[in-house]
Amino acid sequence: MAYDSLRDFVEKLDAAGELKRIPVEVDPVLEITEIADREMKSAGGGKALLFEKCKGSAFPLLINAYGSTKRMALALGVDDVEEIARDLETIMRAKPPTSFKEAISLLGTAMELRHAKPGRAQKGAPTTELPGLDAIPIQKCWPQDAGRFICLPLVITRDPDTGARNVGCYRMQVFDGRTTFMHWQLHKTGARHWRRYMEKKQRMPVAVGLGGDPVYTFAATAPLPDGLDEFMLAGYLRKKSVELVKCQTNDLEVPADCDFVLEGYVEPEETLGLEGPFGDHTGYYTLPEPYPKFHVERITARRDAIYPSTIVGVPPMEDFYMGTASVRIFLPVFKMNFPELVDMALPAEGVFHNLVFVSIKKTFPYHAMKVMHGLWGMGQMMFTKIIVVVDADVNVHDTREVLFRLCANIDPERDILFTKGPADVLDHATPVFGLGSKMGIDATHKLPGEANCRPWPTLIRMDDDVKKRVDELLGGFSDRP
C-alpha cells in the first residue's frame, strides 16, 4: 500500500487508534523530547504523537510514528511485517518454471517487481519556498546536544563515477539558517561518495527530503548493499513506483510527495567543523568529531507539510522497531547465505550492533563459530560486538530463554571467541576510533568432536502425552460451575 503523503499516513494512524494529538504549544527545544521519551517507553511503544503547535514554527511535528510493531507494519502498508519477508523469500527462491502454472506464478512475482524502478512525476505537490531552516520545528533533543538536529532526513547523493544513487539517513546538526553538518559516518555510502568528490575536487550536490510516504525513511535506514537504490526497495515495498522530481538547483531527484526538500551542496575542500555532541542511540552522548558542512541553496515545503522527527537515547526507543523490521524483512537474505540459520533477534538493550541472538540447526562440531565469522563479514553486521548462537529450539526473541541457554551451555574458555574488526564510530567504548574487539558465544548443545566435551545431558522436558492429558484434565475442571 502506498501513501500519497505523510499527512495521509497520519490519517491512517488516527483511524487505527495509533495517534495522540497534542493541541497545546510545545517547545521543540527539549520539551518534545521529554514527552516523546515517556511515550516511547510506555507499554508496546505507546502511540505516535502529532504536535499541532510547535513553538517558533507554523508546521506540526510527527514523532514515534514507527514506534510499535503495529505502526511499523502500517508504515509499510501491511498487516504484519512477516508478509514482506515471505514475499521476498519467494522471489529469492524462484527457479525457472517447469509448467504453465509455475510460469503464471512467476509472472505475478514479476508484476510486483515492476514497481521497484522509480518513475518521473509530471510535477510535485504545490510548495512554498522557506527563508531558512528556522521555519521548521527542528528539535534540540537532549540538554548537552550541540544544537538542533534533523534526525529523519532522506539524504540523496550520487556516485560521481557510476551515477548510482544512495539514500541515507544521516543526522544533520543545524549550524545556521542555511547550513548544517552532514554526519555521514566513515563506513556509509554517502561518505564514500563525498571522498570521491574530494578526490575529483568537484562540488558535491546533495538533496534532502523530509516526509512523504513513510516507507522512504525505512528504506533509507535499511541495510542495503552499496549501489542498490533505496528508492527501488521503497517502490517494491509500497507496490507503487516512487515518483521523482528534479531539483531546481542541481540534477538530483527527490520524491514528489516529500513534505520538505533541502537542495544544496558540500564543498570538497572546505575545512571540516566539529559536529556534536549529540545524545545518540547508544544511550550516551556522541563526542564532537569533524564532519563536512551542507550548504542549503533552496528550501521548499508542501502547503500542508508535517515535519517528521524522532529521538534516540537510552532504549527502548522508536528506532528499535525500525531495526527489528529490517531484521525480519531481510532474514531470507541471511538464510540464503546461511541455510542453517533459523532466526535472529537484536534485543532493544543491545542498541542494534552491540548484541545479536542467532539460532541455528547445528549439524557439525564448531558449527556456531562458522556462523559467527560469516555474520561478521556481512555488511553492517561487521559492527556487531557480541553474537550469541543457540540451538534451533530456542526462541531468540525471549531474552530470558536465551540467557538460560547461555548460562547453562557454555564453558567460557572453550565456547567464547574473541576477534577484532571494524566498529561503529559512535561506539565510545572502543580503544581506537572505528576499530574494536568482538565476542562470539557458542551457547549450543555440544557435539562429539568439540574439545573438552563430556557426554552432553538431555534438557528436561515433560512427555507430550502427559501434557495433553493434563490439559484435558485442567480444561474439564475449569469448565465446572
# chains A, B, ... in the order shown; residues from 1 in each chain; ligands from 1
call {"tool": "residues_around", "arguments": {"residues": "Glu129 in chain A", "least_positions_apart": "4", "cutoff": "12 Å", "atoms": "only C-alpha atoms", "output": "VMD selection string"}}
result
chain A and resid 133 135 to 136 248 259 to 263 297 to 303
call {"tool": "select_by_dssp", "arguments": {"residues": "range 190-282 of chain A", "states": "strand (DSSP E or B)", "output": "ChimeraX atom specification"}}
result
/A:204-210,243-246,253-255,260-266,273-275,278-279
call {"tool": "select_by_dssp", "arguments": {"residues": "range 256-326 of chain A", "states": "helix (DSSP H, G or I)", "output": "PyMOL selection string"}}
result
chain A and resi 318-326
call {"tool": "residues_around", "arguments": {"residues": "range 69-74 of chain A", "least_positions_apart": "6", "cutoff": "9 Å", "atoms": "only C-alpha atoms", "output": "ChimeraX atom specification"}}
result
/A:9,12-13,18,44-45,47-48,80-81,321-322,324-325
call {"tool": "residues_around", "arguments": {"residues": "Ile441 in chain A", "least_positions_apart": "6", "cutoff": "10 Å", "atoms": "only C-alpha atoms", "output": "VMD selection string"}}
result
chain A and resid 357 368 to 369 372 386 to 390 406 409 to 412 414 to 418
call {"tool": "write_last_selection", "arguments": {"atoms": "C-alpha atoms", "output": "PDB file, in the first residue's frame"}}
result
ATOM      1  CA  PHE A 357      20.992 -13.583  19.159  1.00  0.00           C
ATOM      2  CA  ALA A 368      28.341 -21.980  15.733  1.00  0.00           C
ATOM      3  CA  MET A 369      31.770 -20.451  15.151  1.00  0.00           C
ATOM      4  CA  MET A 372      29.764 -16.101  13.841  1.00  0.00           C
ATOM      5  CA  ILE A 386      28.552  -9.798  20.680  1.00  0.00           C
ATOM      6  CA  ILE A 387      26.947 -12.714  18.829  1.00  0.00           C
ATOM      7  CA  VAL A 388      25.246 -15.408  20.892  1.00  0.00           C
ATOM      8  CA  VAL A 389      24.457 -18.624  18.994  1.00  0.00           C
ATOM      9  CA  VAL A 390      21.847 -21.032  20.344  1.00  0.00           C
ATOM     10  CA  LEU A 406      23.895 -19.119  27.595  1.00  0.00           C
ATOM     11  CA  ASN A 409      25.663 -24.425  27.956  1.00  0.00           C
ATOM     12  CA  ILE A 410      28.962 -22.577  27.893  1.00  0.00           C
ATOM     13  CA  ASP A 411      32.368 -23.234  29.289  1.00  0.00           C
ATOM     14  CA  PRO A 412      33.891 -19.744  28.973  1.00  0.00           C
ATOM     15  CA  ARG A 414      36.072 -23.327  25.294  1.00  0.00           C
ATOM     16  CA  ASP A 415      32.987 -21.523  23.981  1.00  0.00           C
ATOM     17  CA  ILE A 416      33.907 -17.832  23.860  1.00  0.00           C
ATOM     18  CA  LEU A 417      35.679 -16.498  20.783  1.00  0.00           C
ATOM     19  CA  PHE A 418      37.423 -13.098  20.606  1.00  0.00           C
TER      20      PHE A 418
END
call {"tool": "closest_atom_pairs", "arguments": {"of": "range 342-364 of chain A", "to": "range 311-319 of chain A", "cutoff": "9 Å", "atoms": "only C-alpha atoms", "output": "CSV"}}
result
residue,atom,partner,partner_atom,distance
A:Ala348,CA,A:Pro316,CA,5.7
A:Glu349,CA,A:Pro315,CA,6.0
A:Gly350,CA,A:Pro315,CA,8.5
A:Val351,CA,A:Pro315,CA,6.9
A:Phe352,CA,A:Asp319,CA,9.0
call {"tool": "closest_atom_pairs", "arguments": {"of": "range 217-330 of chain A", "to": "range 54-66 of chain A", "cutoff": "6 Å", "atoms": "only C-alpha atoms", "output": "JSON lines"}}
result
{"residue": "A:Ile306", "atom": "CA", "partner": "A:Pro60", "partner_atom": "CA", "distance": 5.3}
{"residue": "A:Tyr307", "atom": "CA", "partner": "A:Leu61", "partner_atom": "CA", "distance": 4.7}
{"residue": "A:Pro308", "atom": "CA", "partner": "A:Leu62", "partner_atom": "CA", "distance": 4.9}
{"residue": "A:Ser309", "atom": "CA", "partner": "A:Ile63", "partner_atom": "CA", "distance": 5.1}
{"residue": "A:Thr310", "atom": "CA", "partner": "A:Ile63", "partner_atom": "CA", "distance": 5.3}
{"residue": "A:Glu318", "atom": "CA", "partner": "A:Asn64", "partner_atom": "CA", "distance": 5.8}
call {"tool": "residues_around", "arguments": {"residues": "Thr157 in chain A", "least_positions_apart": "4", "cutoff": "6 Å", "atoms": "only C-alpha atoms", "output": "number ranges by chain"}}
result
A: 165-166, 206
call {"tool": "write_last_selection", "arguments": {"atoms": "C-alpha atoms", "output": "PDB file, in the first residue's frame"}}
result
ATOM      1  CA  ARG A 165      22.031   6.917  -6.258  1.00  0.00           C
ATOM      2  CA  ASN A 166      22.192   6.497  -2.485  1.00  0.00           C
ATOM      3  CA  VAL A 206      23.134  16.927  -2.141  1.00  0.00           C
TER       4      VAL A 206
END
call {"tool": "closest_residue", "arguments": {"among": "A:Pro23, A:Val432, A:Met439, A:Pro422", "to": "Lys385 in chain A", "atoms": "only C-alpha atoms"}}
result
A:Met439
call {"tool": "residues_around", "arguments": {"residues": "Val215 in chain A", "least_positions_apart": "2", "cutoff": "9 Å", "atoms": "only C-alpha atoms", "output": "compact mmCIF listing (two decimals) with N, CA and C atoms, in the first residue's frame"}}
result
# COMPACT_ATOMS: atom_id res chain seq x y z
N ALA A 2 0.57 2.17 -0.88
CA ALA A 2 1.32 3.42 -0.96
C ALA A 2 0.51 4.55 -0.33
N TYR A 3 1.20 5.43 0.38
CA TYR A 3 0.56 6.62 0.94
C TYR A 3 0.84 7.80 0.02
N ALA A 75 3.20 1.54 8.49
CA ALA A 75 4.09 2.37 7.68
C ALA A 75 4.48 1.67 6.38
N LEU A 76 4.58 0.35 6.45
CA LEU A 76 4.96 -0.42 5.27
C LEU A 76 3.75 -0.95 4.50
N GLY A 77 2.55 -0.58 4.95
CA GLY A 77 1.35 -0.92 4.21
C GLY A 77 0.92 -2.37 4.29
N GLY A 212 6.89 12.63 3.24
CA GLY A 212 6.40 11.82 2.14
C GLY A 212 5.94 10.47 2.67
N ASP A 213 5.80 9.50 1.78
CA ASP A 213 5.42 8.15 2.18
C ASP A 213 6.40 7.66 3.25
N THR A 217 11.61 6.60 4.54
CA THR A 217 12.52 6.67 5.69
C THR A 217 13.00 5.28 6.07
N PHE A 218 12.09 4.30 6.05
CA PHE A 218 12.51 2.93 6.36
C PHE A 218 13.55 2.46 5.35
N ALA A 219 13.31 2.71 4.07
CA ALA A 219 14.25 2.27 3.03
C ALA A 219 15.61 2.92 3.22
N ALA A 220 15.62 4.19 3.65
CA ALA A 220 16.90 4.90 3.86
C ALA A 220 17.70 4.30 5.00
N ALA A 234 11.91 0.94 -1.83
CA ALA A 234 10.68 1.62 -1.44
C ALA A 234 9.55 1.31 -2.42
N GLY A 235 9.85 1.32 -3.72
CA GLY A 235 8.83 1.01 -4.72
C GLY A 235 8.32 -0.41 -4.59
N LEU A 237 8.30 -2.21 -1.80
CA LEU A 237 7.54 -2.34 -0.57
C LEU A 237 6.15 -1.70 -0.68
N ARG A 238 6.07 -0.57 -1.34
CA ARG A 238 4.77 0.14 -1.41
C ARG A 238 3.94 -0.32 -2.60
call {"tool": "closest_residue", "arguments": {"among": "A:Lys446, A:Cys141, A:Thr90, A:Arg454", "to": "Asp37 in chain A", "atoms": "only C-alpha atoms"}}
result
A:Cys141
call {"tool": "residues_around", "arguments": {"residues": "Ala121 in chain A", "least_positions_apart": "3", "cutoff": "12 Å", "atoms": "only C-alpha atoms", "output": "PyMOL selection string"}}
result
chain A and resi 118+124-125+241-246+253-257
call {"tool": "write_last_selection", "arguments": {"atoms": "C-alpha atoms", "output": "PDB file, in the first residue's frame"}}
result
ATOM      1  CA  PRO A 118      11.439   4.783  -9.744  1.00  0.00           C
ATOM      2  CA  GLY A 124       5.364  17.683  -7.459  1.00  0.00           C
ATOM      3  CA  ALA A 125       2.864  18.856  -4.870  1.00  0.00           C
ATOM      4  CA  SER A 241       6.890   3.196  -8.182  1.00  0.00           C
ATOM      5  CA  VAL A 242       8.405   6.148  -6.344  1.00  0.00           C
ATOM      6  CA  GLU A 243       7.655   9.226  -8.431  1.00  0.00           C
ATOM      7  CA  LEU A 244      10.622  11.586  -8.521  1.00  0.00           C
ATOM      8  CA  VAL A 245      11.006  15.232  -9.473  1.00  0.00           C
ATOM      9  CA  LYS A 246      14.214  17.017 -10.382  1.00  0.00           C
ATOM     10  CA  GLU A 253      15.828  13.863  -7.873  1.00  0.00           C
ATOM     11  CA  VAL A 254      13.579  13.711  -4.807  1.00  0.00           C
ATOM     12  CA  PRO A 255      10.214  12.027  -4.200  1.00  0.00           C
ATOM     13  CA  ALA A 256       7.413  14.256  -5.462  1.00  0.00           C
ATOM     14  CA  ASP A 257       5.431  13.792  -2.238  1.00  0.00           C
TER      15      ASP A 257
END
call {"tool": "atom_distance", "arguments": {"atom1": "CA of Pro288 in chain A", "atom2": "CA of Leu274 in chain A"}}
result
5.5 Å
call {"tool": "closest_residue", "arguments": {"among": "A:Val425, A:Ala345, A:Leu49, A:Ala443", "to": "Thr33 in chain A", "atoms": "only C-alpha atoms"}}
result
A:Leu49
